[in-house]
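Asker: For reference, the file final_33.pdb (PDB, C-alpha atoms) is included below:
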```pdb
ATOM      1  CA  VAL A 841     -61.040 175.550 170.729
ATOM      2  CA  LEU A 842     -59.405 174.596 167.420
ATOM      3  CA  THR A 843     -62.625 173.758 165.599
ATOM      4  CA  ASP A 844     -64.600 176.794 166.847
ATOM      5  CA  GLY A 845     -62.583 179.254 164.764
ATOM      6  CA  PRO A 846     -61.249 182.657 165.846
ATOM      7  CA  ALA A 847     -62.790 183.908 169.083
ATOM      8  CA  GLY A 848     -60.190 186.012 170.864
ATOM      9  CA  HIS A 849     -58.090 184.531 173.638
ATOM     10  CA  ALA A 850     -58.263 180.801 174.305
ATOM     11  CA  PRO A 851     -58.500 179.592 177.894
ATOM     12  CA  GLU A 852     -55.185 178.940 179.610
ATOM     13  CA  LEU A 853     -54.103 175.327 179.873
ATOM     14  CA  GLY A 854     -51.422 173.947 182.150
ATOM     15  CA  GLY A 855     -50.187 170.777 183.703
ATOM     16  CA  PRO A 856     -50.164 169.822 187.351
ATOM     17  CA  GLN A 857     -46.527 170.870 187.779
ATOM     18  CA  PRO A 858     -44.334 173.684 186.420
ATOM     19  CA  LEU A 859     -41.729 172.444 183.939
ATOM     20  CA  HIS A 860     -39.257 174.106 181.578
ATOM     21  CA  VAL A 861     -39.983 173.509 177.884
ATOM     22  CA  PRO A 862     -36.318 172.919 176.916
ATOM     23  CA  ASP A 863     -36.067 170.152 179.526
ATOM     24  CA  MET A 864     -39.293 168.587 178.271
ATOM     25  CA  VAL A 865     -38.042 168.682 174.666
ATOM     26  CA  ARG A 866     -34.737 167.048 175.629
ATOM     27  CA  ARG A 867     -36.455 164.283 177.562
ATOM     28  CA  TYR A 868     -38.929 163.662 174.735
ATOM     29  CA  ALA A 869     -36.139 163.584 172.141
ATOM     30  CA  GLN A 870     -34.197 161.043 174.219
ATOM     31  CA  THR A 871     -37.305 158.861 174.356
ATOM     32  CA  VAL A 872     -37.919 159.021 170.605
ATOM     33  CA  ASP A 873     -34.332 158.915 169.369
ATOM     34  CA  PRO A 874     -31.391 158.958 171.810
ATOM     35  CA  THR A 875     -29.061 160.172 169.042
ATOM     36  CA  VAL A 876     -30.971 163.450 168.595
ATOM     37  CA  ARG A 877     -29.215 166.482 170.000
ATOM     38  CA  VAL A 878     -31.337 169.365 171.276
ATOM     39  CA  LEU A 879     -29.687 172.771 171.115
ATOM     40  CA  PRO A 880     -30.723 175.713 173.274
ATOM     41  CA  ALA A 881     -32.619 178.572 171.673
ATOM     42  CA  PRO A 882     -32.857 181.420 174.190
ATOM     43  CA  LEU A 883     -35.815 183.766 174.191
ATOM     44  CA  LEU A 884     -34.994 187.262 173.019
ATOM     45  CA  GLY A 885     -36.402 190.715 173.585
ATOM     46  CA  ALA A 886     -39.978 191.051 174.798
ATOM     47  CA  ALA A 887     -40.504 187.285 175.046
ATOM     48  CA  ARG A 888     -37.504 187.011 177.367
ATOM     49  CA  ARG A 889     -38.724 189.862 179.573
ATOM     50  CA  LEU A 890     -42.241 188.426 179.774
ATOM     51  CA  ASN A 891     -40.905 184.969 180.597
ATOM     52  CA  LYS A 892     -38.680 186.325 183.384
ATOM     53  CA  ALA A 893     -41.670 188.212 184.789
ATOM     54  CA  GLY A 894     -43.729 185.002 184.825
ATOM     55  CA  VAL A 895     -46.297 186.394 182.396
ATOM     56  CA  LEU A 896     -46.011 183.464 179.974
ATOM     57  CA  ARG A 897     -46.972 180.904 182.633
ATOM     58  CA  PRO A 898     -50.627 179.973 183.017
ATOM     59  CA  THR A 899     -52.167 181.429 186.177
ATOM     60  CA  GLN A 900     -55.736 180.221 185.829
ATOM     61  CA  GLY A 901     -57.840 178.008 183.601
ATOM     62  CA  VAL A 902     -57.766 174.268 183.061
ATOM     63  CA  ARG A 903     -55.186 172.185 184.917
ATOM     64  CA  GLY A 904     -54.400 168.704 183.710
ATOM     65  CA  GLU A 905     -53.926 165.825 186.131
ATOM     66  CA  ARG A 906     -51.507 163.682 184.130
ATOM     67  CA  THR A 907     -47.856 164.582 184.675
ATOM     68  CA  PHE A 908     -45.302 164.919 181.902
ATOM     69  CA  ASP A 909     -43.549 161.785 183.209
ATOM     70  CA  GLN A 910     -46.811 159.829 182.941
ATOM     71  CA  TRP A 911     -47.409 161.096 179.413
ATOM     72  CA  LEU A 912     -43.820 160.336 178.393
ATOM     73  CA  THR A 913     -44.135 156.779 179.686
ATOM     74  CA  GLU A 914     -47.365 156.302 177.724
ATOM     75  CA  ALA A 915     -45.823 157.805 174.564
ATOM     76  CA  ARG A 916     -43.079 155.180 174.438
TER      77      ARG A 916
END
```
Let's see the structure in the file written out as structure tokens.
Answerer:
Amino acid sequence: VLTDGPAGHAPELGGPQPLHVPDMVRRYAQTVDPTVRVLPAPLLGAARRLNKAGVLRPTQGVRGERTFDQWLTEAR
């Protein structure tokens, strides 16, 4: 998708389980550097409304098989 250039919407991509990005960032930061502090950055306005409505979550498209925990273990 990256090398093909602009072509409208890219296919949705998601993992095998729903996770919250802030939790993923915190867990990754702890793996890389336990002294790093991750601060919350709430969504505002339209992004917040769309997120609450579930619009920002993938509903179709490619689903990965490797979990975030598996990837995190491999990244260490």
Asker: Go through A:Pro880, A:Gly904, A:Pro874, A:Gly885 one by one, measure the shortest atom-to-atom distance of each to Gly854 of chain A using all atoms listed in the file, and give the residue with the smallest value.
Answerer: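 The closest residue to Gly854 of chain A is A:Gly904.
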Asker: Residues of segment 875-914 of chain A that have any atom at most 12 Å from an atom of segment 860-863 of chain A: could you tabulate them with the shortest-distance atom pair and the distance in Å to one decimal, using all atoms listed in the file, ordered by chain and increasing number, as CSV?
Answerer:
```
residue,atom,partner,partner_atom,distance
A:Arg877,CA,A:Pro862,CA,11.8
A:Val878,CA,A:Pro862,CA,8.3
A:Leu879,CA,A:Pro862,CA,8.8
A:Pro880,CA,A:Pro862,CA,7.2
A:Ala881,CA,A:Pro862,CA,8.6
A:Pro882,CA,A:Pro862,CA,9.6
A:Leu883,CA,A:Pro862,CA,11.2
A:Asn891,CA,A:His860,CA,11.0
A:Leu896,CA,A:His860,CA,11.7
A:Arg897,CA,A:His860,CA,10.3
A:Phe908,CA,A:Val861,CA,10.9
A:Asp909,CA,A:Asp863,CA,11.8
```
Asker: What does the structure give for the distance between atom CA of Pro851 of chain A and atom CA of Ala869 of chain A, in Å to one decimal?
Answerer: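 Straight-line distance from atom CA of Pro851 of chain A to atom CA of Ala869 of chain A works out to 28.1 Å.
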Asker: For Arg916 of chain A, please output as a list in words all residues within 10 Å (counting only C-alpha atoms; exclusion window: fewer than 4 positions along the same chain).
Answerer: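 Skipping anything fewer than 4 positions along the chain leaves Tyr868, Thr871, Val872, Trp911 and Leu912 of chain A.
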Asker: Atom CA of Gln910 of chain A to atom CA of Thr875 of chain A: how many Å, to one decimal?
Answerer: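 Computing it gives 22.5 Å between the two atoms.
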Asker: Report the distance between atom CA of Leu853 of chain A and atom CA of Glu914 of chain A in Å, rounded to one decimal place.
Answerer: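 Result for atom CA of Leu853 of chain A versus atom CA of Glu914 of chain A: 20.3 Å, one decimal.
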Asker: Which is closer to Ala850 of chain A than all the others in A:Ala915, A:Ala893, A:Pro898, A:Gln870, using all atoms listed in the file?
Answerer: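 Looking at the shortest contact to Ala850 of chain A, the residue is A:Pro898.
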Asker: Could you check which of A:Leu842, A:Asp873, A:Arg906, A:Ala886 is closest to Gly855 of chain A, using only C-alpha atoms?
Answerer: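 Closest to Gly855 of chain A of all the choices is A:Arg906.
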Asker: Rank A:Val865, A:Thr913, A:Gly901, A:Thr907 by their smallest atom-to-atom distance to His849 of chain A, using all atoms listed in the file, and report the top residue only.
Answerer: A:Gly901
